[in-house]
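What follows is the content of data_33.cif, which has mmCIF, C-alpha atoms and all ligand atoms:
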```
data_work
#
loop_
_atom_site.label_atom_id
_atom_site.label_comp_id
_atom_site.auth_asym_id
_atom_site.auth_seq_id
_atom_site.Cartn_x
_atom_site.Cartn_y
_atom_site.Cartn_z
CA MET A 4 8.92 45.14 7.99
CA ILE A 5 8.05 41.74 6.59
CA GLU A 6 6.03 39.66 9.03
CA LEU A 7 4.55 36.19 8.76
CA PRO A 8 1.92 36.88 6.05
CA GLU A 9 4.38 38.57 3.70
CA ALA A 10 7.15 36.00 4.34
CA THR A 11 4.63 33.29 3.39
CA VAL A 12 3.66 35.13 0.19
CA LEU A 13 7.31 35.82 -0.76
CA ALA A 14 8.34 32.19 -0.18
CA ASN A 15 5.42 31.03 -2.35
CA GLN A 16 6.43 33.38 -5.15
CA LEU A 17 10.06 32.28 -4.88
CA GLN A 18 9.15 28.66 -5.63
CA LYS A 19 9.82 29.61 -9.26
CA THR A 20 13.54 29.90 -8.44
CA VAL A 21 13.77 26.32 -7.19
CA GLY A 22 15.94 24.31 -9.59
CA LYS A 23 17.75 27.42 -10.83
CA LYS A 24 21.50 27.75 -10.44
CA ILE A 25 23.20 30.70 -8.72
CA THR A 26 25.72 31.57 -11.42
CA ASP A 27 27.12 34.68 -9.77
CA LEU A 28 26.70 36.87 -6.72
CA ILE A 29 27.56 40.38 -5.61
CA LEU A 30 27.85 40.96 -1.88
CA ASN A 31 27.42 44.37 -0.27
CA GLN A 32 27.54 46.51 -3.41
CA ASN A 33 25.80 49.34 -1.53
CA PRO A 34 26.89 49.02 2.10
CA HIS A 35 24.24 49.75 4.71
CA LYS A 36 25.27 50.42 8.31
CA LEU A 37 22.47 48.36 9.77
CA VAL A 38 22.68 45.23 7.65
CA TRP A 39 24.49 42.28 9.15
CA PHE A 40 26.05 39.21 7.57
CA TYR A 41 27.06 35.88 9.04
CA ASP A 42 30.82 35.97 9.68
CA GLN A 43 30.98 39.30 7.81
CA GLY A 44 30.04 37.45 4.64
CA ALA A 45 33.35 35.57 4.46
CA HIS A 46 31.95 32.33 3.05
CA TYR A 47 28.91 33.45 1.10
CA GLU A 48 30.52 32.82 -2.28
CA ASP A 49 31.74 29.33 -1.26
CA ILE A 50 28.29 28.36 -0.04
CA LEU A 51 26.13 29.92 -2.75
CA LYS A 52 28.01 30.17 -6.05
CA ASN A 53 27.34 27.48 -8.66
CA GLN A 54 24.77 25.93 -6.35
CA THR A 55 21.24 25.05 -7.36
CA ILE A 56 18.39 26.31 -5.20
CA THR A 57 16.73 23.21 -3.79
CA ALA A 58 13.97 24.78 -1.69
CA VAL A 59 12.52 28.05 -0.46
CA MET A 60 10.42 28.30 2.69
CA SER A 61 9.47 30.76 5.39
CA TYR A 62 9.67 30.53 9.17
CA GLY A 63 7.90 33.33 10.98
CA GLY A 64 8.94 36.55 9.26
CA GLN A 65 12.05 35.06 7.65
CA VAL A 66 12.46 33.72 4.13
CA VAL A 67 14.93 30.87 3.72
CA ILE A 68 16.64 29.89 0.47
CA VAL A 69 18.21 26.43 0.63
CA VAL A 70 21.19 25.23 -1.44
CA PRO A 71 23.04 21.91 -1.01
CA LYS A 72 25.86 23.52 1.01
CA GLY A 73 23.77 25.68 3.34
CA LYS A 74 21.05 28.27 3.80
CA LEU A 75 20.46 31.92 3.09
CA VAL A 76 18.12 33.51 5.65
CA LEU A 77 16.54 36.85 4.82
CA GLY A 78 15.43 38.65 7.97
CA ASP A 79 12.22 40.58 8.45
CA GLY A 80 13.79 43.96 7.60
CA ILE A 81 15.08 42.79 4.21
CA ASN A 82 13.30 43.53 0.95
CA ILE A 83 13.36 40.70 -1.59
CA ARG A 84 13.05 41.41 -5.30
CA TYR A 85 13.18 39.34 -8.46
CA GLN A 86 14.23 40.87 -11.73
CA PRO A 87 14.02 38.64 -14.80
CA GLN A 88 15.95 40.89 -17.19
CA THR A 89 18.12 43.78 -16.05
CA PRO A 90 20.53 43.60 -13.11
CA PRO A 91 19.43 45.51 -10.01
CA LEU A 92 20.93 48.84 -9.01
CA ARG A 93 21.07 49.07 -5.22
CA HIS A 94 21.37 46.06 -2.95
CA GLN A 95 23.34 44.39 -0.21
CA LEU A 96 23.28 41.01 -1.98
CA ALA A 97 22.38 40.07 -5.53
CA LEU A 98 22.20 36.54 -6.93
CA GLU A 99 22.39 35.94 -10.65
CA LEU A 100 20.32 32.89 -11.61
CA ASP A 101 21.04 30.80 -14.72
CA HIS A 102 23.16 33.66 -16.15
CA LYS A 103 20.15 35.90 -16.71
CA GLU A 104 17.66 36.45 -13.88
CA HIS A 105 18.39 38.22 -10.61
CA LEU A 106 17.27 37.92 -7.06
CA TYR A 107 18.39 40.75 -4.86
CA PHE A 108 18.05 41.90 -1.30
CA PHE A 109 18.26 45.26 0.44
CA ALA A 110 17.30 46.71 3.79
CA SER A 111 15.06 49.67 4.43
CA MET A 112 15.93 50.33 8.07
CA TYR A 113 17.94 47.30 9.20
CA GLY A 114 18.08 43.55 8.80
CA GLY A 115 20.13 40.40 8.47
CA ILE A 116 21.20 38.75 5.22
CA VAL A 117 22.52 35.61 6.84
CA CYS A 118 24.15 32.73 4.98
CA PHE A 119 25.63 29.75 6.80
CA SER A 120 26.86 26.35 5.71
CA ASN A 121 25.53 23.00 6.88
CA GLN A 122 28.58 22.73 9.17
CA ASP A 123 28.18 26.17 10.77
CA PRO A 124 26.15 26.67 13.94
CA GLU A 125 22.63 27.73 12.95
CA TYR A 126 21.75 31.39 13.20
CA LEU A 127 19.87 31.66 16.49
CA TYR A 128 16.99 33.82 15.31
CA TYR A 129 16.34 31.34 12.49
CA GLN A 130 16.54 28.39 14.86
CA ILE A 131 13.91 29.83 17.22
CA ALA A 132 11.54 30.64 14.35
CA LYS A 133 11.96 27.15 12.92
CA GLU A 134 11.36 25.32 16.17
CA LYS A 135 8.23 27.09 17.40
CA PRO A 136 4.90 26.12 15.85
CA SER A 137 3.60 28.47 13.20
CA PRO A 138 0.36 30.19 14.27
CA LEU A 139 -1.17 28.80 11.09
CA SER A 140 -0.29 25.19 11.87
CA GLU A 141 -2.57 22.69 13.58
CA SER A 142 -0.12 22.30 16.45
CA PHE A 143 -0.75 25.96 17.26
CA ASN A 144 -4.06 25.06 18.90
CA LEU A 145 -5.99 26.46 21.83
CA LYS A 146 -4.11 24.25 24.25
CA TYR A 147 -0.75 25.53 23.00
CA TRP A 148 -2.07 29.11 22.96
CA ASN A 149 -3.03 28.90 26.62
CA THR A 150 0.47 27.72 27.58
CA LEU A 151 1.85 30.98 26.16
CA PHE A 152 0.05 32.83 28.96
CA GLU A 153 1.92 30.84 31.61
CA ILE A 154 4.47 33.57 32.26
CA LYS A 155 5.30 35.53 35.38
CA GLU A 156 5.09 39.05 34.00
CA ASN A 157 1.73 40.72 33.58
CA LEU A 158 2.46 42.02 30.09
CA SER A 159 0.36 44.27 27.93
CA LEU A 160 -1.10 42.59 24.86
CA LYS A 161 1.31 44.44 22.60
CA ALA A 162 4.30 43.16 24.59
CA PHE A 163 2.80 39.68 24.84
CA LEU A 164 2.13 39.33 21.12
CA ALA A 165 5.00 41.23 19.58
CA THR A 166 8.10 40.71 21.73
CA ASN A 167 10.49 37.97 22.67
CA GLN A 168 9.71 35.93 19.54
CA ARG A 169 6.90 34.33 21.51
CA ILE A 170 5.09 33.88 18.22
CA PRO A 171 7.70 34.07 15.46
CA GLY A 172 6.76 36.35 12.58
CA ILE A 173 4.22 38.33 14.59
CA GLY A 174 5.24 41.91 15.22
CA ASN A 175 3.93 45.39 15.71
CA GLY A 176 2.77 45.47 12.08
CA VAL A 177 0.17 42.69 12.14
CA ILE A 178 -0.97 42.93 15.75
CA GLN A 179 -2.76 46.27 15.30
CA ASP A 180 -5.41 44.76 13.05
CA ILE A 181 -5.62 41.56 15.08
CA LEU A 182 -6.33 43.49 18.29
CA TRP A 183 -8.75 45.86 16.59
CA ARG A 184 -10.73 42.92 15.21
CA ALA A 185 -10.66 41.16 18.58
CA LYS A 186 -11.83 44.43 20.20
CA LEU A 187 -8.93 44.37 22.64
CA HIS A 188 -6.74 47.32 23.61
CA PRO A 189 -2.97 47.05 22.90
CA LYS A 190 -2.25 48.13 26.49
CA GLN A 191 -4.66 45.60 28.00
CA LYS A 192 -2.85 43.55 30.64
CA ILE A 193 -2.97 39.82 29.97
CA ASP A 194 -3.81 38.95 33.59
CA GLU A 195 -7.13 40.71 33.18
CA LEU A 196 -8.22 38.84 30.07
CA THR A 197 -11.15 36.49 30.44
CA GLU A 198 -11.04 32.97 28.99
CA ARG A 199 -13.44 34.22 26.35
CA ASP A 200 -11.10 37.11 25.41
CA LYS A 201 -8.24 34.67 25.01
CA THR A 202 -10.27 32.38 22.79
CA ILE A 203 -11.46 35.27 20.63
CA LEU A 204 -7.91 36.56 20.33
CA PHE A 205 -6.70 33.09 19.32
CA GLN A 206 -9.32 32.81 16.59
CA THR A 207 -8.76 36.38 15.41
CA LEU A 208 -5.00 35.88 15.27
CA LYS A 209 -5.31 32.84 13.02
CA GLY A 210 -8.11 34.29 10.91
CA THR A 211 -6.46 37.66 10.32
CA LEU A 212 -3.10 36.15 9.38
CA GLN A 213 -4.79 33.83 6.91
CA GLU A 214 -6.75 36.70 5.41
CA MET A 215 -3.56 38.77 5.07
CA ILE A 216 -1.94 35.87 3.19
CA ASN A 217 -5.00 35.42 0.97
CA GLN A 218 -4.76 39.12 0.11
CA LYS A 219 -1.07 38.83 -0.79
CA GLY A 220 0.15 40.56 2.37
CA ARG A 221 -0.41 43.97 3.90
CA ALA A 222 -0.76 46.98 1.60
CA SER A 223 2.25 48.53 3.36
CA GLU A 224 4.60 45.77 2.13
CA LYS A 225 5.80 44.66 -1.29
CA ASP A 226 6.23 41.32 -3.04
CA ILE A 227 9.13 40.07 -5.21
CA TYR A 228 7.89 42.18 -8.14
CA GLY A 229 7.71 45.33 -6.01
CA GLU A 230 3.91 45.23 -5.93
CA ALA A 231 2.04 46.04 -2.72
CA GLY A 232 -0.27 43.56 -1.00
CA TYR A 233 -4.04 44.09 -0.90
CA PHE A 234 -4.73 43.85 2.83
CA LYS A 235 -5.66 47.37 3.93
CA LEU A 236 -4.72 48.11 7.52
CA PHE A 237 -7.51 49.62 9.59
CA SER A 238 -5.03 52.33 10.61
CA SER A 239 -4.90 53.49 6.99
CA PHE A 240 -8.44 54.84 7.48
CA ALA A 241 -8.90 58.19 9.26
CA SER A 242 -11.75 56.82 11.34
CA CYS A 243 -12.73 53.38 12.57
CA PRO A 244 -14.46 51.43 9.75
CA VAL A 245 -16.85 49.96 12.35
CA CYS A 246 -17.92 52.91 14.53
CA SER A 247 -16.47 55.98 12.74
CA ASN A 248 -14.59 57.24 15.80
CA PRO A 249 -11.20 58.77 14.98
CA ILE A 250 -8.39 56.20 15.27
CA ILE A 251 -5.78 56.97 17.93
CA LYS A 252 -2.06 56.72 17.19
CA GLU A 253 0.23 56.60 20.19
CA ALA A 254 3.90 55.86 20.88
CA TYR A 255 4.12 52.79 23.11
CA LEU A 256 6.96 50.34 23.85
CA GLY A 257 9.23 51.52 21.08
CA GLY A 258 6.76 51.78 18.23
CA SER A 259 3.37 53.18 17.36
CA ILE A 260 0.12 51.59 18.38
CA TYR A 261 -3.20 52.28 16.68
CA TYR A 262 -6.56 51.65 18.24
CA CYS A 263 -10.17 52.70 18.21
CA PRO A 264 -11.02 54.24 21.63
CA SER A 265 -14.60 53.09 21.32
CA CYS A 266 -14.23 49.51 19.98
CA GLN A 267 -11.11 48.69 22.00
CA LYS A 268 -11.63 49.67 25.62
CA GLU A 269 -8.94 48.76 28.11
CA SER A 270 -10.60 46.90 30.92
CA LYS A 271 -9.58 46.42 34.53
CA ARG A 272 -11.98 43.56 35.03
CA LYS A 273 -11.19 40.59 37.23
CA LYS A 274 -10.17 37.31 35.68
CA SER A 275 -13.11 35.00 35.09
ZN ZN B 301 -14.45 51.61 16.44
#
```
Take the structure in this file and express it as structure tokens.
Ligand SMILES: [Zn+2]
Amino acid sequence: MIELPEATVLANQLQKTVGKKITDLILNQNPHKLVWFYDQGAHYEDILKNQTITAVMSYGGQVVIVVPKGKLVLGDGINIRYQPQTPPLRHQLALELDHKEHLYFFASMYGGIVCFSNQDPEYLYYQIAKEKPSPLSESFNLKYWNTLFEIKENLSLKAFLATNQRIPGIGNGVIQDILWRAKLHPKQKIDELTERDKTILFQTLKGTLQEMINQKGRASEKDIYGEAGYFKLFSSFASCPVCSNPIIKEAYLGGSIYYCPSCQKESKRKKS
């Protein structure tokens, strides 16, 4: 799944399509049960065809292609590819640009390919991602970070970081390396974090995301040319790169967590 670092990289690469005209489109050529469209795709052609791409940006884990009549939002489960010469084979949406190049989108497991006009109500998931500060922005500062902990439930760090779109674009994919670097256990309850833990986690979150972007995304994900990123996940090693203990993989809250049992001890300490 695409998360914030990869969405940032993809949106940067897609700047080359700005100013190009969408001369044709094919919707749902290879239907996928778990891909959803806005209004079943009824108005995609009206909104997109013969329109010039005016901007491409990312919000959280979503990539947004802007045309004068509306927006096309590619969700975090959608693969985005660019093909300068031949038309693509399998996809749920393909855009022909300037009669020759192609941009196309397809899901691996599930995802939204959501296009809405400027008059339509905004897609909710997009709206939330757009309105919350990006963890890489200056407004995502320590003061803002601390307000995120002002919740009633005593969540585990995995639930805190990766659910409820608390931090848009952050999911189970990127949090494993962030927690490993911060030396915090994914099951650690947030009420038992010290102020120092929170500060370290804040710095590690920002630093790791930036490093993932600098390395063109995680090695498990691909860019618009189908090439993998360079950021190697610590879980891709058999043992912890720091202490050589075997890395543990466990099912937890609907997904796998990875941690080093020696570097990331779950603590029951009292709040400082
Ligand atoms: Zn270790």
So which residues fall inside 12 Å of (1.6, 43.8, -1.9) if we count only C-alpha atoms? Mind giving them as number ranges by chain? A: 5, 8-10, 12-13, 16, 215-235
Rows by chain and residue number, chain A within 7 Å of ligand ZN 301 (chain B), shortest pair, only C-alpha atoms and all ligand atoms, as JSON lines:
```
{"residue": "A:Cys243", "atom": "CA", "partner": "B:ZN301", "partner_atom": "ZN", "distance": 4.6}
{"residue": "A:Pro244", "atom": "CA", "partner": "B:ZN301", "partner_atom": "ZN", "distance": 6.7}
{"residue": "A:Val245", "atom": "CA", "partner": "B:ZN301", "partner_atom": "ZN", "distance": 5.0}
{"residue": "A:Cys246", "atom": "CA", "partner": "B:ZN301", "partner_atom": "ZN", "distance": 4.2}
{"residue": "A:Ser247", "atom": "CA", "partner": "B:ZN301", "partner_atom": "ZN", "distance": 6.1}
{"residue": "A:Asn248", "atom": "CA", "partner": "B:ZN301", "partner_atom": "ZN", "distance": 5.7}
{"residue": "A:Cys263", "atom": "CA", "partner": "B:ZN301", "partner_atom": "ZN", "distance": 4.8}
{"residue": "A:Pro264", "atom": "CA", "partner": "B:ZN301", "partner_atom": "ZN", "distance": 6.8}
{"residue": "A:Ser265", "atom": "CA", "partner": "B:ZN301", "partner_atom": "ZN", "distance": 5.1}
{"residue": "A:Cys266", "atom": "CA", "partner": "B:ZN301", "partner_atom": "ZN", "distance": 4.1}
```
Nearest to Phe40 of chain A, restricted to only C-alpha atoms and choosing among A:Ile154, A:Pro87, A:Asn15, A:Gly114, comes out as A:Gly114
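Going from atom CA of Gly22 of chain A to atom CA of Gly80 of chain A covers 26.2 Å.
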What is the atom CA of Thr57 of chain A to atom CA of Gln32 of chain A distance in Å? 25.7 Å
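The space separating atom CA of Val38 of chain A from atom CA of Thr166 of chain A comes to 20.8 Å.
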Would you please work out which residue, of A:Ser270, A:Asn157, A:Tyr262, A:Thr89, is nearest to Asp200 of chain A when using all atoms listed in the file? A:Ser270
Segment 108-113 of chain A surroundings by all atoms listed in the file, 9 Å radius, close-in-sequence under 3 positions cut, as a PyMOL selection string: chain A and resi 4+33+35-39+77+79-84+93-98+116
